[in-house]
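The file work.txt comes next; it holds compact mmCIF, C-alpha atoms and all ligand atoms.
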# COMPACT_ATOMS: atom_id res chain seq x y z
CA MET N 1 -0.18 6.86 18.35
CA HIS N 2 -0.50 3.28 17.06
CA ILE N 3 -2.38 2.44 13.86
CA GLY N 4 -3.06 -0.75 11.94
CA ILE N 5 -2.89 -0.86 8.13
CA ILE N 6 -4.53 -3.63 6.13
CA GLY N 7 -3.08 -3.85 2.62
CA LEU N 8 0.63 -3.27 2.03
CA GLY N 9 0.74 -2.94 -1.74
CA LYS N 10 2.43 0.01 -3.51
CA MET N 11 0.34 2.53 -1.59
CA GLY N 12 -0.11 0.83 1.80
CA ALA N 13 3.57 -0.12 2.24
CA ASN N 14 4.70 3.42 1.45
CA MET N 15 2.12 4.87 3.82
CA ARG N 16 3.37 2.56 6.57
CA GLU N 17 6.88 3.87 5.98
CA ARG N 18 5.83 7.53 5.88
CA LEU N 19 3.86 7.12 9.12
CA ARG N 20 6.78 5.37 10.80
CA ASN N 21 9.13 8.12 9.63
CA ALA N 22 6.80 10.56 11.41
CA GLY N 23 7.05 8.63 14.68
CA ILE N 24 3.70 6.82 14.47
CA THR N 25 3.71 3.16 15.42
CA VAL N 26 2.28 1.04 12.61
CA THR N 27 1.35 -2.61 12.53
CA GLY N 28 0.65 -3.77 8.99
CA PHE N 29 -1.17 -6.80 7.64
CA ASP N 30 -0.93 -8.16 4.13
CA GLN N 31 -1.55 -11.56 2.63
CA ASN N 32 1.98 -11.44 1.23
CA PRO N 33 4.21 -12.95 3.97
CA ASP N 34 7.16 -10.88 2.74
CA LEU N 35 5.33 -7.63 3.52
CA THR N 36 3.21 -8.33 6.58
CA ASP N 37 4.08 -7.59 10.21
CA VAL N 38 1.52 -10.04 11.59
CA ALA N 39 0.05 -13.35 10.40
CA THR N 40 -3.67 -12.53 10.57
CA THR N 41 -6.07 -9.60 10.94
CA ALA N 42 -6.89 -11.01 14.40
CA ASP N 43 -3.21 -10.60 15.33
CA LEU N 44 -3.30 -7.05 13.96
CA ILE N 45 -6.32 -6.17 16.08
CA ALA N 46 -4.76 -7.79 19.15
CA ALA N 47 -1.63 -5.67 18.67
CA LEU N 48 -3.55 -2.36 18.67
CA PRO N 49 -4.47 -0.44 21.82
CA ALA N 50 -8.22 0.26 22.24
CA PRO N 51 -9.94 2.28 20.96
CA ARG N 52 -8.31 1.05 17.75
CA LEU N 53 -7.62 2.81 14.50
CA VAL N 54 -7.41 0.63 11.38
CA TRP N 55 -6.58 2.03 7.92
CA VAL N 56 -7.81 -0.15 5.03
CA MET N 57 -5.73 0.18 1.85
CA VAL N 58 -6.87 -2.60 -0.47
CA PRO N 59 -8.41 -2.66 -3.99
CA SER N 60 -11.94 -1.26 -4.14
CA GLY N 61 -14.96 -3.48 -4.59
CA ALA N 62 -15.16 -7.09 -3.39
CA ILE N 63 -11.81 -7.05 -1.54
CA THR N 64 -12.66 -3.89 0.42
CA ASP N 65 -16.10 -5.37 1.13
CA SER N 66 -14.60 -8.52 2.61
CA VAL N 67 -12.03 -6.62 4.71
CA ILE N 68 -14.70 -4.31 6.16
CA GLU N 69 -16.97 -7.31 6.81
CA ASP N 70 -14.10 -9.05 8.62
CA LEU N 71 -13.37 -5.93 10.68
CA SER N 72 -17.04 -5.55 11.57
CA GLN N 73 -16.83 -8.99 13.15
CA LYS N 74 -13.55 -8.46 14.98
CA LEU N 75 -13.39 -4.82 16.09
CA GLU N 76 -15.23 -3.34 19.08
CA ALA N 77 -17.52 -0.39 19.68
CA GLY N 78 -15.54 2.85 19.70
CA ASP N 79 -12.92 1.64 17.21
CA LEU N 80 -12.41 3.56 13.95
CA VAL N 81 -12.00 2.19 10.42
CA ILE N 82 -10.64 4.46 7.66
CA ASP N 83 -11.02 3.29 4.06
CA GLY N 84 -8.16 4.93 2.15
CA GLY N 85 -8.62 2.90 -1.05
CA ASN N 86 -10.33 4.09 -4.21
CA SER N 87 -13.81 2.94 -3.17
CA ARG N 88 -16.85 4.31 -4.94
CA PHE N 89 -18.50 6.83 -2.61
CA THR N 90 -21.76 4.87 -2.61
CA GLU N 91 -19.87 1.92 -1.06
CA ASP N 92 -19.03 4.14 1.91
CA PHE N 93 -22.70 4.43 2.85
CA LYS N 94 -22.92 0.62 2.99
CA HIS N 95 -19.65 0.19 4.89
CA GLY N 96 -20.43 2.99 7.34
CA ALA N 97 -23.88 1.52 8.06
CA LEU N 98 -22.50 -2.00 8.59
CA LEU N 99 -19.86 -0.80 11.04
CA GLU N 100 -22.32 1.46 12.81
CA THR N 101 -24.46 -1.58 13.73
CA LYS N 102 -21.51 -2.57 15.99
CA GLY N 103 -20.79 0.95 17.22
CA ILE N 104 -17.63 1.06 15.09
CA ASN N 105 -16.83 4.44 13.50
CA PHE N 106 -16.03 4.96 9.83
CA VAL N 107 -14.21 7.60 7.80
CA ASP N 108 -13.63 7.49 4.04
CA ALA N 109 -10.39 8.94 2.73
CA GLY N 110 -9.61 9.77 -0.88
CA VAL N 111 -5.85 9.59 -1.28
CA SER N 112 -3.82 11.07 -4.13
CA GLY N 113 -0.09 10.98 -4.65
CA GLY N 114 0.67 7.55 -6.04
CA VAL N 115 4.11 6.06 -5.60
CA TRP N 116 5.48 9.56 -4.95
CA GLY N 117 3.47 9.94 -1.77
CA LEU N 118 6.16 8.40 0.42
CA ALA N 119 8.51 11.29 -0.31
CA ASN N 120 6.06 14.09 -1.17
CA GLY N 121 3.08 13.27 1.01
CA TYR N 122 -0.46 12.38 -0.02
CA GLY N 123 -3.28 14.75 -0.87
CA LEU N 124 -6.15 13.71 1.42
CA MET N 125 -9.93 14.22 1.08
CA VAL N 126 -11.86 12.76 4.00
CA GLY N 127 -15.51 12.24 4.84
CA GLY N 128 -17.13 11.47 8.18
CA LYS N 129 -17.92 12.87 11.59
CA ALA N 130 -15.73 15.75 12.79
CA ASP N 131 -14.82 14.04 16.09
CA GLN N 132 -13.53 10.93 14.28
CA ILE N 133 -11.53 12.99 11.83
CA GLU N 134 -10.04 15.00 14.69
CA ARG N 135 -9.08 11.75 16.37
CA ALA N 136 -7.18 10.54 13.30
CA MET N 137 -5.61 13.95 12.62
CA PRO N 138 -2.06 12.90 13.69
CA VAL N 139 -2.24 10.22 10.98
CA PHE N 140 -3.59 12.63 8.36
CA ASP N 141 -0.96 15.20 9.30
CA ALA N 142 1.82 12.63 8.91
CA LEU N 143 0.53 11.47 5.53
CA ARG N 144 -0.28 14.83 3.94
CA PRO N 145 2.38 16.99 2.26
CA GLU N 146 4.30 19.51 4.34
CA GLY N 147 2.85 23.01 4.30
CA PRO N 148 -0.50 24.49 5.27
CA ARG N 149 -2.98 21.74 6.21
CA ASP N 150 -5.71 23.14 3.99
CA GLU N 151 -3.45 22.83 0.94
CA GLY N 152 -3.11 19.06 1.22
CA PHE N 153 -6.05 17.97 3.34
CA VAL N 154 -9.78 18.60 3.41
CA HIS N 155 -12.66 17.41 5.54
CA ALA N 156 -15.00 17.33 2.56
CA GLY N 157 -18.24 16.46 4.34
CA GLU N 158 -20.12 13.48 5.74
CA ILE N 159 -19.30 9.81 5.06
CA GLY N 160 -18.85 9.40 1.30
CA ALA N 161 -17.70 12.97 0.67
CA GLY N 162 -14.01 12.03 0.73
CA HIS N 163 -14.36 9.40 -1.97
CA TYR N 164 -16.76 11.62 -3.90
CA ALA N 165 -14.03 14.29 -3.99
CA LYS N 166 -11.46 11.66 -5.06
CA MET N 167 -13.77 10.45 -7.84
CA VAL N 168 -14.07 13.97 -9.24
CA HIS N 169 -10.30 14.44 -8.80
CA ASN N 170 -9.71 11.35 -10.93
CA GLY N 171 -12.18 12.50 -13.57
CA ILE N 172 -10.19 15.73 -13.84
CA GLU N 173 -6.97 13.68 -13.89
CA TYR N 174 -8.22 11.70 -16.92
CA ALA N 175 -9.10 14.86 -18.82
CA LEU N 176 -5.84 16.67 -18.03
CA MET N 177 -3.79 13.66 -19.11
CA GLN N 178 -5.77 13.41 -22.33
CA ALA N 179 -5.21 17.09 -23.12
CA TYR N 180 -1.43 16.83 -22.61
CA ALA N 181 -1.41 13.61 -24.65
CA GLU N 182 -3.25 15.18 -27.59
CA GLY N 183 -0.86 18.13 -27.51
CA TYR N 184 2.03 15.66 -27.56
CA GLU N 185 0.66 13.95 -30.68
CA LEU N 186 0.21 17.27 -32.50
CA LEU N 187 3.76 18.36 -31.71
CA ASP N 188 5.18 14.95 -32.61
CA LYS N 189 3.31 14.91 -35.93
CA ARG N 190 5.21 17.96 -37.22
CA SER N 191 8.74 16.72 -36.64
CA ASP N 192 9.61 18.50 -39.92
CA LEU N 193 8.95 21.79 -38.08
CA VAL N 194 9.22 21.05 -34.38
CA THR N 195 12.55 19.45 -33.53
CA ASP N 196 12.49 19.24 -29.71
CA VAL N 197 9.18 17.95 -28.41
CA PRO N 198 10.49 16.93 -24.93
CA GLY N 199 12.14 20.35 -24.73
CA ILE N 200 8.82 22.09 -25.33
CA PHE N 201 7.10 20.23 -22.50
CA LYS N 202 10.11 20.90 -20.29
CA ALA N 203 9.99 24.62 -21.06
CA TRP N 204 6.30 24.69 -20.18
CA GLN N 205 7.12 23.65 -16.61
CA ARG N 206 7.88 27.21 -15.51
CA GLY N 207 5.90 30.34 -16.07
CA THR N 208 3.26 28.91 -18.39
CA VAL N 209 -0.46 28.60 -17.86
CA VAL N 210 -0.31 24.81 -18.36
CA ARG N 211 2.43 23.97 -15.81
CA SER N 212 1.48 21.16 -13.44
CA TRP N 213 2.73 17.99 -11.77
CA LEU N 214 1.23 15.88 -14.56
CA LEU N 215 3.24 17.96 -17.02
CA GLU N 216 6.39 17.30 -14.97
CA LEU N 217 5.64 13.58 -15.07
CA LEU N 218 5.18 13.75 -18.84
CA VAL N 219 8.59 15.43 -19.14
CA ARG N 220 10.06 12.64 -17.01
CA ALA N 221 8.43 9.97 -19.19
CA LEU N 222 9.69 11.66 -22.39
CA GLU N 223 13.20 11.87 -20.97
CA GLU N 224 13.10 8.13 -20.31
CA ASP N 225 11.69 7.25 -23.76
CA PRO N 226 11.44 10.30 -26.09
CA GLU N 227 9.29 8.55 -28.72
CA PHE N 228 7.43 6.24 -26.31
CA GLU N 229 8.91 3.38 -28.32
CA ASP N 230 8.63 0.91 -25.45
CA ILE N 231 4.99 1.68 -24.62
CA GLU N 232 1.84 0.50 -26.38
CA GLY N 233 -0.98 3.00 -26.75
CA PHE N 234 -3.30 0.86 -24.64
CA VAL N 235 -4.85 2.41 -21.54
CA GLU N 236 -6.75 0.65 -18.76
CA ASP N 237 -9.09 2.27 -16.27
CA SER N 238 -10.00 1.25 -12.74
CA GLY N 239 -13.49 2.69 -12.44
CA GLU N 240 -13.25 6.21 -11.06
CA GLY N 241 -13.77 7.86 -14.45
CA ARG N 242 -16.82 5.74 -15.23
CA TRP N 243 -18.30 6.60 -11.83
CA THR N 244 -17.70 10.29 -12.56
CA ILE N 245 -19.70 10.04 -15.78
CA GLU N 246 -22.45 8.03 -14.09
CA GLU N 247 -22.70 10.70 -11.41
CA ALA N 248 -22.79 13.42 -14.05
CA LEU N 249 -25.63 11.63 -15.86
CA ALA N 250 -27.56 11.14 -12.62
CA ASN N 251 -27.32 14.87 -11.88
CA ALA N 252 -27.53 16.21 -15.43
CA VAL N 253 -24.11 17.81 -15.17
CA PRO N 254 -22.39 18.24 -18.54
CA VAL N 255 -18.91 16.67 -18.50
CA PRO N 256 -17.97 16.46 -22.19
CA THR N 257 -14.23 16.71 -21.63
CA ILE N 258 -14.01 14.03 -18.95
CA SER N 259 -16.34 11.79 -21.00
CA ALA N 260 -14.19 12.18 -24.10
CA SER N 261 -11.07 11.24 -22.15
CA ILE N 262 -12.62 7.99 -20.95
CA PHE N 263 -13.88 7.09 -24.40
CA ALA N 264 -10.38 7.76 -25.74
CA ARG N 265 -9.15 5.00 -23.40
CA PHE N 266 -11.75 2.61 -24.79
CA VAL N 267 -10.62 3.44 -28.34
CA SER N 268 -7.04 2.68 -27.28
CA ARG N 269 -8.03 -0.94 -26.62
CA GLN N 270 -9.44 -1.58 -30.09
CA GLU N 271 -7.34 -3.05 -32.88
CA ASP N 272 -10.01 -2.01 -35.36
CA SER N 273 -13.19 -0.05 -34.77
CA PRO N 274 -16.54 -1.73 -35.51
CA ALA N 275 -18.16 1.71 -35.38
CA MET N 276 -15.78 3.18 -37.95
CA LYS N 277 -16.25 0.13 -40.19
CA ALA N 278 -19.97 0.97 -40.11
CA VAL N 279 -19.26 4.63 -40.97
CA ALA N 280 -17.03 3.59 -43.88
CA ALA N 281 -19.71 1.17 -45.09
CA LEU N 282 -22.40 3.85 -44.92
CA ARG N 283 -20.32 6.39 -46.89
CA ASN N 284 -19.85 3.68 -49.46
CA GLN N 285 -23.58 2.95 -49.53
CA PHE N 286 -24.84 6.50 -49.94
CA GLY N 287 -22.01 8.10 -51.87
CA GLY N 288 -20.11 5.26 -53.45
CA HIS N 289 -17.06 6.43 -51.51
CA ALA N 290 -14.16 4.03 -51.56
CA VAL N 291 -13.56 1.78 -48.56
CA LYS N 292 -10.26 0.35 -47.53
CA LYS N 293 -10.61 -3.42 -47.76
CA ALA N 294 -9.59 -5.57 -44.80
CA ASP N 295 -6.49 -7.73 -45.41
O1 LIG N 301 -6.26 7.17 -8.02
C1 LIG N 301 -5.27 7.10 -8.70
C2 LIG N 301 -4.50 8.30 -9.07
O2 LIG N 301 -5.10 9.47 -8.59
C3 LIG N 301 -4.87 5.76 -9.20
O3 LIG N 301 -3.59 5.73 -9.76
C4 LIG N 301 -5.91 5.22 -10.14
O4 LIG N 301 -5.61 3.88 -10.46
C5 LIG N 301 -5.98 6.04 -11.42
O5 LIG N 301 -7.18 5.75 -12.11
P1 LIG N 301 -7.18 4.83 -13.41
O6 LIG N 301 -6.50 3.51 -12.99
O7 LIG N 301 -8.62 4.62 -13.75
O8 LIG N 301 -6.40 5.52 -14.48

In structure tokens, how does this file's structure come out?
Amino acid sequence: MHIGIIGLGKMGANMRERLRNAGITVTGFDQNPDLTDVATTADLIAALPAPRLVWVMVPSGAITDSVIEDLSQKLEAGDLVIDGGNSRFTEDFKHGALLETKGINFVDAGVSGGVWGLANGYGLMVGGKADQIERAMPVFDALRPEGPRDEGFVHAGEIGAGHYAKMVHNGIEYALMQAYAEGYELLDKRSDLVTDVPGIFKAWQRGTVVRSWLLELLVRALEEDPEFEDIEGFVEDSGEGRWTIEEALANAVPVPTISASIFARFVSRQEDSPAMKAVAALRNQFGGHAVKKAD
């Protein structure tokens, strides 16, 4: 099997290596000349045997749009494009429809595993037609973790279902991280009583109800920097959590925990809170309660 990958960043480059390790021929394209195997996407397409299989692994939004647009011009009927980036599921409908006008097939793939995927494999959630997914199965099998297929791979439904599953996965990821983080702060606060916070998280890794890979990663982070002295409490987001909330609103699904975890990230970016200034001012207005004056 021979596959093309467009986008050789942290994820794409590791996926190329994992696929090659599994005996799959990979031609990769990236704008970075140090990473790419070929100079242009036209060269990539020329290198692939028809019908072609091209895996897109670039940032979601405008960049994915332009890559899919480019492929829609250059590929031929019968070829297959897989978007493995973190695209919003609604984008898949647009991309699938555009490619379909040329007879080009499309599968969306939610991919989880981060920089550890090279060694551990990637959890895969794919959407699209069964025959196209079957066709790409050697690639999915090489990328997914070892073990039973249905414990690291799912055909979640039609086009869009893979990225929908990944969006929900990331919403859950936000909330789990927030819960561990709040537990960390509570333990850390009582250093008069609790003397080994990293040790507590480490002990939770086996036997407990809250053991998980995220917990293991927290233990790893605490071992590197037990007080998080080198890290600012400032957290970005790349969109998946917001889309989860928007989807929950659209469908009247209550997601208070996931919502709270996203808002906690927004709070992390504020040096001072305009909202809490207003609350302090109001307490002062109605009750004469003292306010802390700004410096
Ligand atoms: O998909 C991922 C993990 O599953 C990516 O690491 C993603 O960037 C995480 O989301 P965010 O950047 O919003 O925290």

**Message:** Nearest residue to ligand LIG 301 (chain N) out of N:Gly199, N:Gly85, N:Gly12, N:Gly61, using only C-alpha atoms and all ligand atoms?
**Reply:**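 Distance minimum relative to ligand LIG 301 (chain N) lands on N:Gly85.
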
**Prompt:** Mind pulling up the distance from atom CA of Gly183 of chain N to atom CA of Phe201 of chain N?
**Reply:**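 Separating atom CA of Phe201 of chain N from atom CA of Gly183 of chain N is a distance of 9.6 Å.
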
Quick one: 6 Å padding each side, axis-aligned, all listed atoms of segment 14-17 of chain N - centre and edge lengths in Å to one decimal, as JSON?
{"center_x": 4.5, "center_y": 3.7, "center_z": 4.0, "size_x": 16.8, "size_y": 14.3, "size_z": 17.1}

**Prompt:** Hey, can you pull every residue with an atom no more than 7 Å from (-12.1, 11.3, -15.5), using only C-alpha atoms, and send it as a PyMOL selection string?
**Reply:** chain N and resi 170-175+240-241+244+258-259+261-262

**Message:** Taking all atoms listed in the file into account, which residues have an atom no farther than 10 Å from ligand LIG 301 (chain N)? I'd like them as a PyMOL selection string.
**Reply:** chain N and resi 11+59+85-87+110-115+123+166-167+169-174+177+235-242+262+265

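Nearest to Val26 of chain N of all the residues N:Ala46, N:Ala39, N:Leu218, N:Val54 is N:Val54, counting all atoms listed in the file.
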
**Selection near Asp92 of chain N, 12 Å with only C-alpha atoms, sequence-local residues under 5 positions removed, as a ChimeraX atom specification** = /N:60-61,64-65,68,81-87,97-100,105-110,126-128,158-164

**Asked** Near segment 1-4 of chain N, within 6 Å and counting all atoms listed in the file, which residues show up once chain neighbours fewer than 3 positions away are dropped, as a PyMOL selection string?
**Response** chain N and resi 24-28+53-54

May I have the residues from that selection written out with C-alpha atoms, as an mmCIF file, in the coordinates of the input?
data_model
loop_
_atom_site.group_PDB
_atom_site.id
_atom_site.type_symbol
_atom_site.label_atom_id
_atom_site.label_comp_id
_atom_site.auth_asym_id
_atom_site.auth_seq_id
_atom_site.Cartn_x
_atom_site.Cartn_y
_atom_site.Cartn_z
ATOM 1 C CA ILE N 24 3.700 6.820 14.470
ATOM 2 C CA THR N 25 3.710 3.160 15.420
ATOM 3 C CA VAL N 26 2.280 1.040 12.610
ATOM 4 C CA THR N 27 1.350 -2.610 12.530
ATOM 5 C CA GLY N 28 0.650 -3.770 8.990
ATOM 6 C CA LEU N 53 -7.620 2.810 14.500
ATOM 7 C CA VAL N 54 -7.410 0.630 11.380
#

**Message:** Quick check, in Å to one decimal: how far apart do atom CA of Leu222 of chain N and atom CA of Val197 of chain N lie?
**Reply:**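 A separation of 8.7 Å between them.
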
**Request:** For atom CA of Thr195 of chain N and atom CA of Glu227 of chain N, quote the distance in Å rounded to one decimal.
**Result:**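 Atom-to-atom, atom CA of Thr195 of chain N to atom CA of Glu227 of chain N, that is 12.4 Å.
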
**Item:** Minimum-distance residue to Trp55 of chain N, chosen among N:Tyr122, N:Tyr180, N:Phe93, N:Phe140 (using all atoms listed in the file)
**Value:**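 The answer is N:Phe140, which sits nearest to Trp55 of chain N.
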
Shell around Gln205 of chain N at 8 Å using all atoms listed in the file, local window under 5 positions removed, as a PDB file with C-alpha atoms, keeping the file's coordinate frame:
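The result, written out as out_18.pdb:
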ATOM      1  CA  VAL N 210      -0.310  24.810 -18.360  1.00  0.00           C
ATOM      2  CA  ARG N 211       2.430  23.970 -15.810  1.00  0.00           C
ATOM      3  CA  SER N 212       1.480  21.160 -13.440  1.00  0.00           C
ATOM      4  CA  LEU N 215       3.240  17.960 -17.020  1.00  0.00           C
ATOM      5  CA  GLU N 216       6.390  17.300 -14.970  1.00  0.00           C
TER       6      GLU N 216
END

Could you write segment 172-189 of chain N as a PDB file, in the coordinates of the input, with N, CA and C atoms rebuilt where they are missing?
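Listing of out_30.pdb after writing:
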ATOM      1  N   ILE N 172     -11.007  14.604 -13.363  1.00  0.00           N
ATOM      2  CA  ILE N 172     -10.190  15.730 -13.840  1.00  0.00           C
ATOM      3  C   ILE N 172      -8.823  15.208 -14.313  1.00  0.00           C
ATOM      4  N   GLU N 173      -8.278  14.279 -13.546  1.00  0.00           N
ATOM      5  CA  GLU N 173      -6.970  13.680 -13.890  1.00  0.00           C
ATOM      6  C   GLU N 173      -7.009  13.060 -15.301  1.00  0.00           C
ATOM      7  N   TYR N 174      -8.090  12.321 -15.597  1.00  0.00           N
ATOM      8  CA  TYR N 174      -8.220  11.700 -16.920  1.00  0.00           C
ATOM      9  C   TYR N 174      -8.186  12.781 -18.012  1.00  0.00           C
ATOM     10  N   ALA N 175      -8.959  13.833 -17.782  1.00  0.00           N
ATOM     11  CA  ALA N 175      -9.100  14.860 -18.820  1.00  0.00           C
ATOM     12  C   ALA N 175      -7.799  15.635 -19.020  1.00  0.00           C
ATOM     13  N   LEU N 176      -7.117  15.945 -17.913  1.00  0.00           N
ATOM     14  CA  LEU N 176      -5.840  16.670 -18.030  1.00  0.00           C
ATOM     15  C   LEU N 176      -4.821  15.816 -18.787  1.00  0.00           C
ATOM     16  N   MET N 177      -4.748  14.539 -18.423  1.00  0.00           N
ATOM     17  CA  MET N 177      -3.790  13.660 -19.110  1.00  0.00           C
ATOM     18  C   MET N 177      -4.086  13.602 -20.597  1.00  0.00           C
ATOM     19  N   GLN N 178      -5.376  13.516 -20.929  1.00  0.00           N
ATOM     20  CA  GLN N 178      -5.770  13.410 -22.330  1.00  0.00           C
ATOM     21  C   GLN N 178      -5.371  14.675 -23.095  1.00  0.00           C
ATOM     22  N   ALA N 179      -5.553  15.830 -22.456  1.00  0.00           N
ATOM     23  CA  ALA N 179      -5.210  17.090 -23.120  1.00  0.00           C
ATOM     24  C   ALA N 179      -3.699  17.179 -23.391  1.00  0.00           C
ATOM     25  N   TYR N 180      -2.880  16.836 -22.385  1.00  0.00           N
ATOM     26  CA  TYR N 180      -1.430  16.830 -22.610  1.00  0.00           C
ATOM     27  C   TYR N 180      -1.073  15.841 -23.719  1.00  0.00           C
ATOM     28  N   ALA N 181      -1.733  14.673 -23.689  1.00  0.00           N
ATOM     29  CA  ALA N 181      -1.410  13.610 -24.650  1.00  0.00           C
ATOM     30  C   ALA N 181      -1.744  14.052 -26.076  1.00  0.00           C
ATOM     31  N   GLU N 182      -2.874  14.714 -26.245  1.00  0.00           N
ATOM     32  CA  GLU N 182      -3.250  15.180 -27.590  1.00  0.00           C
ATOM     33  C   GLU N 182      -2.281  16.260 -28.073  1.00  0.00           C
ATOM     34  N   GLY N 183      -1.863  17.123 -27.161  1.00  0.00           N
ATOM     35  CA  GLY N 183      -0.860  18.130 -27.510  1.00  0.00           C
ATOM     36  C   GLY N 183       0.437  17.464 -27.935  1.00  0.00           C
ATOM     37  N   TYR N 184       0.809  16.408 -27.212  1.00  0.00           N
ATOM     38  CA  TYR N 184       2.030  15.660 -27.560  1.00  0.00           C
ATOM     39  C   TYR N 184       1.927  15.138 -28.993  1.00  0.00           C
ATOM     40  N   GLU N 185       0.786  14.546 -29.338  1.00  0.00           N
ATOM     41  CA  GLU N 185       0.660  13.950 -30.680  1.00  0.00           C
ATOM     42  C   GLU N 185       0.764  15.029 -31.767  1.00  0.00           C
ATOM     43  N   LEU N 186       0.139  16.185 -31.513  1.00  0.00           N
ATOM     44  CA  LEU N 186       0.210  17.270 -32.500  1.00  0.00           C
ATOM     45  C   LEU N 186       1.639  17.761 -32.702  1.00  0.00           C
ATOM     46  N   LEU N 187       2.371  17.907 -31.602  1.00  0.00           N
ATOM     47  CA  LEU N 187       3.760  18.360 -31.710  1.00  0.00           C
ATOM     48  C   LEU N 187       4.598  17.309 -32.436  1.00  0.00           C
ATOM     49  N   ASP N 188       4.388  16.049 -32.052  1.00  0.00           N
ATOM     50  CA  ASP N 188       5.180  14.950 -32.610  1.00  0.00           C
ATOM     51  C   ASP N 188       4.916  14.776 -34.109  1.00  0.00           C
ATOM     52  N   LYS N 189       3.697  15.079 -34.525  1.00  0.00           N
ATOM     53  CA  LYS N 189       3.310  14.910 -35.930  1.00  0.00           C
ATOM     54  C   LYS N 189       4.121  15.802 -36.850  1.00  0.00           C
TER      55      LYS N 189
END
